[in-house]
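Visitor: Structure file upload-v4.txt (compact mmCIF, C-alpha atoms) is given on the next line.
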```txt
# COMPACT_ATOMS: atom_id res chain seq x y z
CA MET A 1 -55.83 22.03 -27.91
CA GLU A 2 -56.44 19.32 -30.48
CA ASN A 3 -60.05 18.36 -31.05
CA LYS A 4 -60.49 15.08 -32.88
CA ASN A 5 -64.26 15.36 -33.14
CA LYS A 6 -66.16 16.74 -36.10
CA ILE A 7 -67.76 20.12 -35.39
CA GLU A 8 -69.46 22.65 -37.63
CA ILE A 9 -68.31 26.19 -36.92
CA SER A 10 -68.10 29.37 -38.97
CA PRO A 11 -64.79 31.13 -39.77
CA LEU A 12 -63.19 32.82 -36.79
CA GLN A 13 -63.32 36.59 -37.05
CA LEU A 14 -59.85 37.82 -36.07
CA GLN A 15 -60.41 41.54 -36.72
CA SER A 16 -58.67 43.67 -34.10
CA SER A 17 -61.04 45.57 -31.84
CA GLU A 18 -58.50 48.35 -31.41
CA SER A 19 -57.78 49.15 -35.07
CA PRO A 20 -57.73 52.94 -35.68
CA GLY A 21 -60.88 54.43 -37.15
CA SER A 22 -63.04 51.38 -36.56
CA GLU A 23 -65.68 50.54 -34.04
CA LYS A 24 -65.11 47.79 -31.59
CA ALA A 25 -65.52 44.44 -33.30
CA PRO A 26 -68.45 42.33 -32.16
CA PRO A 27 -67.60 39.27 -30.10
CA ALA A 28 -67.10 36.02 -31.94
CA GLN A 29 -70.39 34.29 -32.70
CA LYS A 30 -71.24 31.49 -30.32
CA ARG A 31 -71.29 28.00 -31.80
CA ASN A 32 -74.30 25.74 -31.68
CA PRO A 33 -72.53 22.44 -31.09
CA ASP A 34 -74.08 19.04 -31.44
CA PRO A 35 -73.98 17.59 -27.92
CA GLU A 36 -73.16 14.14 -29.32
CA THR A 37 -70.17 15.19 -31.45
CA GLY A 38 -68.70 18.39 -30.01
CA PRO A 39 -67.98 20.32 -26.82
CA THR A 40 -70.74 21.82 -24.73
CA GLN A 41 -71.54 25.55 -24.77
CA GLU A 42 -69.89 25.89 -21.35
CA GLN A 43 -66.69 24.33 -22.69
CA LEU A 44 -66.72 26.71 -25.65
CA ASP A 45 -67.11 29.70 -23.34
CA GLU A 46 -63.94 28.67 -21.47
CA LEU A 47 -61.69 28.38 -24.58
CA THR A 48 -58.73 30.74 -24.85
CA PRO A 49 -58.07 32.62 -28.18
CA ALA A 50 -55.31 30.14 -29.05
CA GLN A 51 -57.66 27.23 -28.43
CA TRP A 52 -60.30 28.87 -30.63
CA ILE A 53 -57.77 29.06 -33.48
CA GLU A 54 -56.81 25.41 -33.07
CA MET A 55 -60.46 24.42 -33.14
CA GLU A 56 -60.99 26.55 -36.24
CA LYS A 57 -58.07 24.86 -38.00
CA ASP A 58 -59.47 21.46 -37.17
CA ALA A 59 -62.91 22.39 -38.47
CA VAL A 60 -61.51 23.73 -41.73
CA ARG A 61 -59.33 20.68 -42.16
CA GLN A 62 -62.25 18.30 -41.64
CA GLU A 63 -64.58 20.27 -43.88
CA TYR A 64 -61.89 20.37 -46.55
CA LEU A 65 -61.26 16.64 -46.45
CA ASN A 66 -64.99 15.97 -46.73
CA ASP A 67 -65.27 18.02 -49.94
CA PRO A 68 -61.94 18.87 -51.70
CA ARG A 69 -63.75 20.85 -54.38
CA LYS A 70 -64.65 23.64 -51.96
CA PHE A 71 -61.86 26.02 -52.97
CA GLN A 72 -63.63 28.91 -51.25
CA PHE A 73 -61.73 27.85 -48.13
CA GLU A 74 -58.45 29.09 -49.62
CA GLN A 75 -58.52 32.45 -47.86
CA ARG A 76 -59.39 30.80 -44.55
CA ILE A 77 -56.46 28.40 -44.90
CA ILE A 78 -54.07 31.25 -45.63
CA ALA A 79 -55.44 33.29 -42.71
CA LEU A 80 -55.03 30.40 -40.33
CA ASP A 81 -51.40 29.97 -41.43
CA ASP A 82 -51.29 26.18 -41.30
CA PRO A 83 -48.39 24.97 -43.54
CA GLY A 84 -49.56 21.38 -43.50
CA LEU A 85 -53.10 22.27 -44.50
CA ARG A 86 -51.82 24.67 -47.14
CA GLU A 87 -49.66 21.94 -48.71
CA GLN A 88 -52.62 19.59 -48.69
CA TYR A 89 -54.76 22.24 -50.35
CA GLU A 90 -52.19 22.80 -53.13
CA LYS A 91 -52.10 19.09 -53.91
CA ILE A 92 -55.88 18.85 -54.08
CA LYS A 93 -56.11 21.95 -56.24
CA ALA A 94 -53.44 20.64 -58.64
CA GLN A 95 -55.32 17.34 -58.93
CA GLN A 96 -58.55 19.19 -59.62
CA ILE A 97 -56.95 21.32 -62.36
CA GLU A 98 -55.50 18.16 -63.91
CA LEU A 99 -58.92 16.50 -63.89
CA GLU A 100 -60.48 19.54 -65.54
CA ALA A 101 -57.74 19.54 -68.19
CA VAL A 102 -58.41 15.87 -68.94
CA ALA A 103 -62.11 16.62 -69.26
CA VAL A 104 -61.38 19.41 -71.75
CA TYR A 105 -58.94 17.15 -73.61
CA HIS A 106 -61.53 14.43 -74.11
CA SER A 107 -64.15 16.93 -75.27
CA LEU A 108 -62.00 18.09 -78.22
CA THR A 109 -61.62 16.42 -81.60
CA LYS A 110 -58.16 15.53 -82.91
CA GLU A 111 -58.32 18.50 -85.27
CA GLN A 112 -59.20 20.83 -82.41
CA LEU A 113 -56.42 19.42 -80.24
CA ARG A 114 -53.93 19.90 -83.06
CA GLY A 115 -55.11 23.49 -83.46
CA GLU A 116 -54.74 24.18 -79.72
CA TYR A 117 -51.25 22.72 -79.75
CA GLN A 118 -50.26 24.86 -82.74
CA LYS A 119 -51.43 27.96 -80.87
CA LEU A 120 -49.10 27.10 -78.00
CA CYS A 121 -46.21 26.47 -80.38
CA ARG A 122 -46.38 29.78 -82.24
CA ASN A 123 -46.07 33.39 -81.17
CA PRO A 124 -49.50 34.97 -81.73
CA VAL A 125 -48.00 38.17 -83.22
CA SER A 126 -45.18 36.99 -85.48
CA GLY A 127 -46.65 33.57 -86.27
CA LEU A 128 -43.24 31.94 -85.71
CA ARG A 129 -42.41 29.07 -83.39
CA VAL A 130 -41.55 29.98 -79.79
CA ARG A 131 -38.31 29.93 -77.74
CA PRO A 132 -38.57 26.48 -76.10
CA LEU A 133 -39.01 24.83 -79.48
CA PHE A 134 -35.89 26.53 -80.83
CA TYR A 135 -33.67 25.07 -78.11
CA LYS A 136 -35.40 21.70 -78.33
CA GLU A 137 -34.81 21.59 -82.09
CA LEU A 138 -31.25 22.93 -81.78
CA ASN A 139 -30.33 20.28 -79.20
CA ALA A 140 -31.80 17.55 -81.40
CA GLN A 141 -29.94 18.79 -84.49
CA VAL A 142 -26.61 18.98 -82.65
CA GLU A 143 -27.08 15.51 -81.20
CA ASN A 144 -27.90 14.19 -84.66
CA GLN A 145 -24.80 15.73 -86.26
CA LEU A 146 -22.46 14.58 -83.52
CA GLU A 147 -23.89 11.07 -83.66
CA GLN A 148 -23.29 10.94 -87.41
CA ILE A 149 -19.76 12.33 -87.14
CA LEU A 150 -18.77 10.02 -84.33
CA SER A 151 -20.37 6.91 -85.77
CA ARG A 152 -18.71 7.50 -89.17
CA GLY A 153 -15.36 7.70 -87.46
CA GLY A 154 -16.04 4.59 -85.47
CA GLU A 155 -15.64 6.64 -82.29
CA ILE A 156 -18.78 5.55 -80.51
CA PRO A 157 -21.95 3.58 -81.32
CA ILE A 158 -25.02 5.81 -81.67
CA ALA A 159 -26.87 3.76 -79.07
CA GLU A 160 -24.32 4.82 -76.43
CA TRP A 161 -24.37 8.54 -77.28
CA LYS A 162 -26.65 9.68 -74.46
CA ASN A 163 -24.75 7.64 -71.89
CA LEU A 164 -21.61 9.74 -72.29
CA SER A 165 -20.23 11.52 -69.26
CA ASP A 166 -19.07 15.15 -69.31
CA GLN A 167 -15.50 13.91 -69.44
CA GLU A 168 -16.12 11.64 -72.45
CA PHE A 169 -18.05 14.35 -74.29
CA ASN A 170 -15.22 16.86 -73.82
CA GLN A 171 -12.67 14.32 -75.05
CA LEU A 172 -14.71 13.66 -78.19
CA ILE A 173 -15.16 17.37 -78.95
CA SER A 174 -11.43 17.94 -78.43
CA GLY A 175 -10.65 15.18 -80.94
CA LEU A 176 -12.70 16.64 -83.81
CA GLU A 177 -11.13 18.63 -86.67
CA PRO A 178 -13.15 21.84 -87.28
CA GLU A 179 -11.71 22.33 -90.79
CA LYS A 180 -13.22 19.02 -91.87
CA LEU A 181 -16.64 20.00 -90.52
CA LYS A 182 -17.29 23.06 -92.68
CA GLN A 183 -19.63 21.15 -94.96
CA VAL A 184 -21.78 19.93 -92.07
CA PRO A 185 -25.31 21.20 -92.84
CA LEU A 186 -26.02 23.09 -89.64
CA SER A 187 -25.92 26.83 -88.90
CA VAL A 188 -27.61 29.00 -86.29
CA MET A 189 -28.74 32.61 -86.65
CA LEU A 190 -29.54 35.17 -83.95
CA GLY A 191 -31.38 38.29 -85.06
CA ASP A 192 -32.56 41.49 -83.41
CA VAL A 193 -35.27 43.73 -84.89
CA SER A 194 -34.39 47.42 -84.94
CA TYR A 195 -36.81 50.18 -83.92
CA LEU A 196 -39.22 48.11 -81.80
CA SER A 197 -38.95 50.57 -78.88
CA LEU A 198 -39.46 53.46 -81.28
CA ALA A 199 -42.48 51.75 -82.87
CA ASN A 200 -44.03 51.11 -79.45
CA LYS A 201 -43.94 54.87 -78.80
CA PHE A 202 -46.69 55.14 -81.41
CA GLY A 203 -48.71 52.39 -79.73
CA HIS A 204 -48.04 48.72 -79.08
CA HIS A 205 -50.19 47.86 -82.08
CA VAL A 206 -47.50 49.55 -84.22
CA GLY A 207 -44.80 47.47 -82.54
CA ASP A 208 -46.90 44.38 -83.21
CA ARG A 209 -47.08 45.32 -86.89
CA LEU A 210 -43.30 45.46 -86.99
CA LEU A 211 -42.98 41.99 -85.43
CA GLU A 212 -45.74 40.62 -87.64
CA ASN A 213 -43.95 41.93 -90.74
CA VAL A 214 -40.71 40.22 -89.68
CA GLY A 215 -42.58 36.97 -89.06
CA GLN A 216 -44.28 37.09 -92.45
CA SER A 217 -40.95 37.79 -94.15
CA ALA A 218 -39.35 34.81 -92.39
CA ILE A 219 -42.22 32.52 -93.41
CA GLN A 220 -41.94 33.76 -97.01
CA VAL A 221 -38.19 33.05 -97.09
CA THR A 222 -38.85 29.54 -95.73
CA GLU A 223 -41.43 28.85 -98.43
CA ASP A 224 -39.19 30.24 -101.19
CA TYR A 225 -36.29 28.08 -100.02
CA GLN A 226 -38.49 25.00 -100.07
CA LYS A 227 -39.58 25.75 -103.65
CA LYS A 228 -35.96 26.18 -104.77
CA HIS A 229 -34.84 23.02 -102.95
CA PRO A 230 -37.72 20.50 -103.18
CA ASP A 231 -35.31 17.72 -102.20
CA LYS A 232 -34.77 19.30 -98.77
CA LYS A 233 -36.88 18.48 -95.74
CA PRO A 234 -39.56 21.08 -94.84
CA SER A 235 -37.67 21.70 -91.57
CA SER A 236 -34.40 22.54 -93.37
CA VAL A 237 -34.98 26.26 -92.77
CA GLU A 238 -36.83 27.27 -89.63
CA PHE A 239 -37.25 30.64 -87.93
CA PHE A 240 -38.29 31.20 -84.33
CA HIS A 241 -39.44 34.19 -82.26
CA LEU A 242 -37.63 34.14 -78.91
CA GLY A 243 -39.71 37.01 -77.60
CA GLY A 244 -39.64 40.81 -77.86
CA ASP A 245 -37.28 41.90 -80.63
CA GLU A 246 -35.29 38.64 -80.63
CA PHE A 247 -35.57 36.21 -83.54
CA THR A 248 -33.51 33.20 -84.48
CA GLY A 249 -33.07 30.73 -87.29
CA LEU A 250 -31.86 27.15 -87.56
CA PHE A 251 -30.65 26.03 -90.97
CA SER A 252 -29.81 22.52 -92.18
CA ALA A 253 -27.30 24.09 -94.55
CA ASP A 254 -23.59 24.76 -94.79
CA LEU A 255 -22.19 28.22 -94.16
CA GLU A 256 -22.48 29.52 -97.73
CA GLN A 257 -26.08 28.36 -98.11
CA SER A 258 -26.92 29.82 -94.70
CA ARG A 259 -25.45 33.18 -95.70
CA SER A 260 -27.66 33.15 -98.79
CA ILE A 261 -30.75 32.46 -96.66
CA VAL A 262 -29.87 35.29 -94.27
CA GLN A 263 -29.23 37.70 -97.13
CA GLU A 264 -32.63 36.95 -98.63
CA LEU A 265 -34.29 37.49 -95.24
CA THR A 266 -32.64 40.86 -94.63
CA GLN A 267 -33.43 42.06 -98.15
CA THR A 268 -37.07 41.11 -97.70
CA ILE A 269 -37.37 42.87 -94.34
CA ASN A 270 -35.26 45.94 -95.12
CA GLN A 271 -37.40 47.07 -98.04
CA THR A 272 -40.38 48.14 -95.88
CA PRO A 273 -40.41 51.84 -94.81
CA LEU A 274 -41.19 52.34 -91.11
CA ARG A 275 -43.82 54.87 -92.16
CA ASP A 276 -45.78 52.04 -93.79
CA ILE A 277 -46.36 50.37 -90.42
CA GLY A 278 -47.24 53.58 -88.56
CA VAL A 279 -43.91 55.02 -87.34
CA PHE A 280 -44.41 58.67 -88.24
CA GLN A 281 -41.24 60.10 -86.70
CA LYS A 282 -40.67 63.56 -88.16
CA ASN A 283 -37.83 63.63 -90.73
CA PHE A 284 -36.94 60.03 -89.89
CA GLU A 285 -37.22 58.19 -93.19
CA GLU A 286 -35.75 54.81 -92.30
CA LYS A 287 -36.77 51.28 -93.24
CA MET A 288 -37.28 48.19 -91.17
CA HIS A 289 -34.03 46.48 -90.28
CA LEU A 290 -32.92 43.15 -88.84
CA ASP A 291 -29.43 42.86 -87.36
CA ILE A 292 -28.13 39.31 -87.75
CA GLY A 293 -25.35 37.12 -86.42
CA LEU A 294 -24.63 33.77 -88.08
CA SER A 295 -22.46 30.94 -86.83
CA HIS A 296 -21.70 27.52 -88.32
CA PHE A 297 -21.39 24.22 -86.47
CA SER A 298 -17.65 23.94 -87.23
CA GLU A 299 -17.07 27.29 -85.52
CA ALA A 300 -18.86 26.08 -82.41
CA VAL A 301 -16.57 23.02 -82.27
CA ALA A 302 -13.43 25.18 -82.63
CA ALA A 303 -14.62 27.62 -79.95
CA CYS A 304 -15.54 24.83 -77.55
CA GLN A 305 -12.13 23.24 -78.05
CA GLU A 306 -10.48 26.56 -77.19
CA PHE A 307 -12.65 26.87 -74.09
CA LEU A 308 -11.72 23.38 -72.88
CA LYS A 309 -8.05 24.16 -73.46
CA GLN A 310 -8.10 27.41 -71.52
CA ALA A 311 -10.59 26.64 -68.79
CA ARG A 312 -9.12 23.28 -67.74
CA ILE A 313 -12.34 22.65 -65.89
CA GLN A 314 -12.66 19.85 -63.38
CA GLU A 315 -14.00 17.14 -65.63
CA SER A 316 -16.77 15.15 -64.11
CA LYS A 317 -18.12 11.70 -64.77
CA ALA A 318 -21.64 13.06 -64.42
CA PRO A 319 -24.09 12.76 -67.32
CA ILE A 320 -23.45 14.70 -70.50
CA LYS A 321 -25.85 17.52 -69.67
CA ARG A 322 -23.37 20.16 -68.40
CA SER A 323 -20.81 19.96 -71.20
CA PHE A 324 -23.50 19.74 -73.86
CA LYS A 325 -25.10 22.91 -72.48
CA THR A 326 -21.71 24.67 -72.54
CA PHE A 327 -21.34 23.74 -76.20
CA ILE A 328 -24.80 25.18 -77.01
CA ASP A 329 -24.17 28.32 -74.92
CA ILE A 330 -20.88 29.08 -76.68
CA TRP A 331 -22.35 28.50 -80.13
CA THR A 332 -25.45 30.65 -79.64
CA GLY A 333 -23.29 33.17 -77.77
CA ILE A 334 -21.08 33.67 -80.85
CA ALA A 335 -24.09 34.27 -83.11
CA ASP A 336 -25.71 36.60 -80.58
CA LYS A 337 -22.53 38.63 -80.02
CA ARG A 338 -21.99 38.89 -83.78
CA GLN A 339 -25.53 40.25 -84.07
CA SER A 340 -24.80 42.75 -81.30
CA LEU A 341 -21.65 44.00 -83.05
CA ASP A 342 -23.50 44.30 -86.34
CA LYS A 343 -26.27 46.28 -84.66
CA ALA A 344 -23.79 48.62 -82.93
CA LEU A 345 -22.06 49.38 -86.23
CA THR A 346 -25.38 50.17 -87.92
CA ARG A 347 -26.71 52.17 -84.99
CA VAL A 348 -23.61 54.33 -84.40
CA THR A 349 -23.46 55.22 -88.09
CA GLN A 350 -27.14 56.08 -88.13
CA LEU A 351 -26.91 58.25 -85.00
CA LYS A 352 -23.92 60.07 -86.49
CA LYS A 353 -26.00 60.97 -89.55
CA TYR A 354 -28.73 62.62 -87.51
CA PHE A 355 -26.29 64.13 -85.00
CA VAL A 356 -24.62 65.99 -87.89
CA TYR A 357 -27.57 66.83 -90.14
CA SER A 358 -30.61 66.99 -87.87
CA ARG A 359 -30.02 67.43 -84.16
CA GLU A 360 -33.78 67.64 -83.59
CA VAL A 361 -34.36 64.14 -84.98
CA TYR A 362 -31.29 62.89 -83.12
CA ASN A 363 -32.68 64.11 -79.78
CA ASP A 364 -36.02 62.44 -80.57
CA ILE A 365 -34.64 59.01 -81.46
CA VAL A 366 -31.54 58.67 -79.29
CA PRO A 367 -33.43 57.54 -76.12
CA THR A 368 -34.63 54.40 -77.95
CA GLN A 369 -31.53 53.86 -80.10
CA ARG A 370 -28.63 54.48 -77.69
CA LYS A 371 -28.73 50.99 -76.16
CA GLY A 372 -28.10 49.38 -79.56
CA ALA A 373 -25.03 51.61 -79.88
CA LEU A 374 -23.68 50.03 -76.66
CA GLY A 375 -24.67 53.07 -74.62
CA MET A 376 -22.56 55.51 -76.63
CA SER A 377 -22.69 59.02 -75.16
CA ASN A 378 -22.90 62.28 -77.10
CA ASP A 379 -19.31 63.08 -76.16
CA GLU A 380 -18.10 59.71 -77.47
CA LEU A 381 -19.97 60.22 -80.72
CA GLU A 382 -18.52 63.70 -81.12
CA ALA A 383 -15.01 62.32 -80.56
CA LEU A 384 -15.52 59.76 -83.34
CA ILE A 385 -16.74 62.47 -85.71
CA GLN A 386 -13.65 64.58 -84.96
CA ARG A 387 -11.38 61.63 -85.74
CA GLU A 388 -13.11 61.17 -89.08
CA LYS A 389 -12.63 64.86 -89.87
CA GLN A 390 -8.91 64.37 -89.23
CA GLY A 391 -8.79 61.77 -92.00
CA GLU A 392 -9.38 58.43 -90.27
CA ASN A 393 -11.63 55.85 -91.91
CA TRP A 394 -15.09 55.93 -90.34
CA ASN A 395 -15.68 52.15 -90.35
CA ASN A 396 -12.30 51.50 -88.76
CA ILE A 397 -12.71 53.98 -85.92
CA VAL A 398 -16.29 52.82 -85.25
CA LYS A 399 -15.20 49.18 -85.09
CA GLN A 400 -12.39 50.07 -82.70
CA PHE A 401 -14.86 51.96 -80.53
CA ILE A 402 -17.38 49.10 -80.56
CA LEU A 403 -14.83 46.43 -79.63
CA GLY A 404 -13.47 48.62 -76.83
CA LYS A 405 -16.93 49.45 -75.54
CA ASN A 406 -17.95 45.81 -75.71
CA ALA A 407 -14.91 44.85 -73.60
CA GLN A 408 -15.83 47.49 -71.00
CA ASN A 409 -19.42 46.27 -70.78
CA GLN A 410 -18.23 42.69 -70.50
CA LYS A 411 -15.94 43.59 -67.60
CA MET A 412 -18.80 45.25 -65.75
CA GLN A 413 -21.00 42.19 -66.21
CA LEU A 414 -18.27 39.89 -64.92
CA GLU A 415 -17.90 41.98 -61.77
CA GLU A 416 -21.54 41.17 -61.02
CA GLN A 417 -21.07 37.47 -61.80
CA LYS A 418 -21.14 35.37 -58.62
CA ASP A 419 -20.84 31.82 -59.96
CA ASN A 420 -17.44 30.82 -61.39
CA PRO A 421 -16.45 34.31 -62.63
CA GLN A 422 -13.09 33.01 -63.92
CA ILE A 423 -14.71 30.30 -66.06
CA GLN A 424 -17.34 32.77 -67.25
CA SER A 425 -14.61 35.25 -68.17
CA ILE A 426 -12.83 32.64 -70.31
CA LYS A 427 -16.10 31.70 -72.00
CA ASN A 428 -16.98 35.34 -72.73
CA ASN A 429 -13.51 36.09 -74.09
CA ILE A 430 -13.70 33.15 -76.49
CA ILE A 431 -17.20 34.16 -77.63
CA ASN A 432 -15.96 37.72 -78.26
CA GLN A 433 -12.85 36.46 -80.05
CA PHE A 434 -14.80 34.28 -82.49
CA ALA A 435 -17.62 36.79 -82.94
CA ALA A 436 -15.17 39.55 -83.86
CA GLN A 437 -13.65 37.49 -86.70
CA ASN A 438 -14.37 39.16 -90.05
CA PHE A 439 -16.05 42.08 -88.22
```
Show me this structure written as structure tokens.

Guide:
Amino acid sequence: MENKNKIEISPLQLQSSESPGSEKAPPAQKRNPDPETGPTQEQLDELTPAQWIEMEKDAVRQEYLNDPRKFQFEQRIIALDDPGLREQYEKIKAQQIELEAVAVYHSLTKEQLRGEYQKLCRNPVSGLRVRPLFYKELNAQVENQLEQILSRGGEIPIAEWKNLSDQEFNQLISGLEPEKLKQVPLSVMLGDVSYLSLANKFGHHVGDRLLENVGQSAIQVTEDYQKKHPDKKPSSVEFFHLGGDEFTGLFSADLEQSRSIVQELTQTINQTPLRDIGVFQKNFEEKMHLDIGLSHFSEAVAACQEFLKQARIQESKAPIKRSFKTFIDIWTGIADKRQSLDKALTRVTQLKKYFVYSREVYNDIVPTQRKGALGMSNDELEALIQREKQGENWNNIVKQFILGKNAQNQKMQLEEQKDNPQIQSIKNNIINQFAAQNF
């Protein structure tokens, strides 16, 4: 029954009178209706349970519309299961939150607002800028470089850049010459901090110290670079904390300069003993370590060209977004995979050392270190050690193992891939192919 009149009633008590272990629920409280605006007491007495619920919904709705700030009705709205009322409630609540945010905004000075914004932009532990800002900056840098390259060649006016379709973007990428792009000042780095899981075993404050140390080292390298190159923009070298043990860097520098920056970063980080930050693992005298993968802009162009050649995707005349994202994914994928291979090489060699010389330490650390070694089992490690004893070069057999293991893991991931597994397989193969160069 739909009641269009305003009535004041309390929430309907829907507790079951037959619930185990409880006494019989008291009958619903009688309303005291206003004779001029609501039903009579006799009419209320004749209502069915369903009609009571409808009346309750109407009362809540009216009360809510009269005073949107009364958020205490939330539980009643949910209990009454009225989708329309719930949607209305969400809108009102969102508006209220927005109004409160505006009030806070206007109560802050410009300096305070700038400080609040900076807090949002930086990871509170490492002090580095956060993930969304990395991709925002990366996209802007790539757009800038492509605009310059294309406008110099007379390919396309800069003003028309963002109006390109996927098809036009792919054609332009296919027409570039990667060899001529090696001096383009743009490289991306993906890094992974070793021993975070191990550090967290001694308390998350120890893990935070590890991340904080990496952040401070990155900031120091940035400042040193700026002092050495005062002609460069302050944003020429930037490091970001993607979250957890993942860090990244974006360098307005060619490949050789970028390698120099990365080398300085690793040397700065790798000189701190884990014991200094609170990792007191018995007989485990290791230092902090950052595994890094670096990739230059020209490599991304070459890899994307290879992808377009092999995939032969259905080119669309939709906006540039999809193809541009593919370009970014392949580029960051190469750097990330290169970092993963570097970590596996370091980790397998380290585990071998303890497996041979201190099985006790090996058993203590392997639960947190096995993942970085691509899930290498004890039997697999023993087989590698036997091959070395037979005269094979350790680095060669480890690299063979890592590339083989990486291919196996990739195959398993593809089997779980539901969207365009064939295209994803081509993309992954190209990323692996480029990442393995010079490994």

Visitor: Can you list, as a list of chain:residue names, every protein, DNA or RNA residue that comes within 8 Å of Ser197 (chain A) when you count all atoms listed in the file, leaving out same-chain residues fewer than 2 positions away?

Guide: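 My list of contacting residues is A:Tyr195, A:Ala199, A:Asn200, A:Lys201, A:Gly207, A:Thr368.
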
Visitor: Leaving out Lys282 (chain A) and any residue of its chain fewer than 6 positions from it, which residues lie within 10 Å of it when counting only C-alpha atoms, given as a short mmCIF file (atom, residue, chain, number, x, y, z; two decimals) with C-alpha atoms, in the frame of the given file?

Guide:
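Written out: around_39.cif:
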```
data_model
loop_
_atom_site.label_atom_id
_atom_site.label_comp_id
_atom_site.auth_asym_id
_atom_site.auth_seq_id
_atom_site.Cartn_x
_atom_site.Cartn_y
_atom_site.Cartn_z
CA GLU A 360 -33.78 67.64 -83.59
CA VAL A 361 -34.36 64.14 -84.98
CA ASP A 364 -36.02 62.44 -80.57
#
```

Visitor: Please determine, counting all atoms listed in the file, which residue among A:Gly391, A:Pro367, A:Gly375, A:Gly333 has the shortest atom-to-atom distance to Asn429 (chain A).

Guide: A:Gly333

Visitor: I'd like the neighbourhood of Pro132 (chain A) as a ChimeraX atom specification, where a residue qualifies if any of its atoms comes within 9 Å (using all atoms listed in the file), though same-chain residues fewer than 3 positions away should be ignored.

Guide: /A:121,129,135-137,242

Visitor: Now that the selection is made, can you save its residues with C-alpha atoms as a PDB file, keeping the file's coordinate frame?

Guide:
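What landed in selection22.pdb:
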```pdb
ATOM      1  CA  CYS A 121     -46.210  26.470 -80.380  1.00  0.00           C
ATOM      2  CA  ARG A 129     -42.410  29.070 -83.390  1.00  0.00           C
ATOM      3  CA  TYR A 135     -33.670  25.070 -78.110  1.00  0.00           C
ATOM      4  CA  LYS A 136     -35.400  21.700 -78.330  1.00  0.00           C
ATOM      5  CA  GLU A 137     -34.810  21.590 -82.090  1.00  0.00           C
ATOM      6  CA  LEU A 242     -37.630  34.140 -78.910  1.00  0.00           C
TER       7      LEU A 242
END
```

Visitor: In Å, rounded to a single decimal, give me how far CA of Ile261 (chain A) is from CA of Leu196 (chain A).

Guide: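 CA of Ile261 (chain A) lies at a distance of 23.2 Å from CA of Leu196 (chain A).
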
Visitor: Between A:Glu179, A:Ile426, A:Phe434, A:Thr266, which one has atoms that come closest to Lys411 (chain A), using only C-alpha atoms?

Guide: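 Counting only C-alpha atoms, the residue closest to Lys411 (chain A) is A:Ile426.
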
Visitor: Restricting the calculation to all atoms listed in the file, which member of A:Gln226, A:Gln437, A:Gln413, A:Gln350 is positioned closest to Phe284 (chain A)?

Guide: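 Using all atoms listed in the file, the shortest distance to Phe284 (chain A) belongs to A:Gln350.
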
Visitor: Could you tell me how far CA of Arg131 (chain A) sits from CA of Val184 (chain A), in Å to one decimal place?

Guide: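 Separation of CA of Val184 (chain A) and CA of Arg131 (chain A): 24.1 Å.
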
Visitor: Set the distance at 9 Å and use all atoms listed in the file: which residues neighbour Phe280 (chain A) once local chain neighbours fewer than 5 positions away are removed? I'd like the list as a PyMOL selection string.

Guide: chain A and resi 199+202+274-275+285
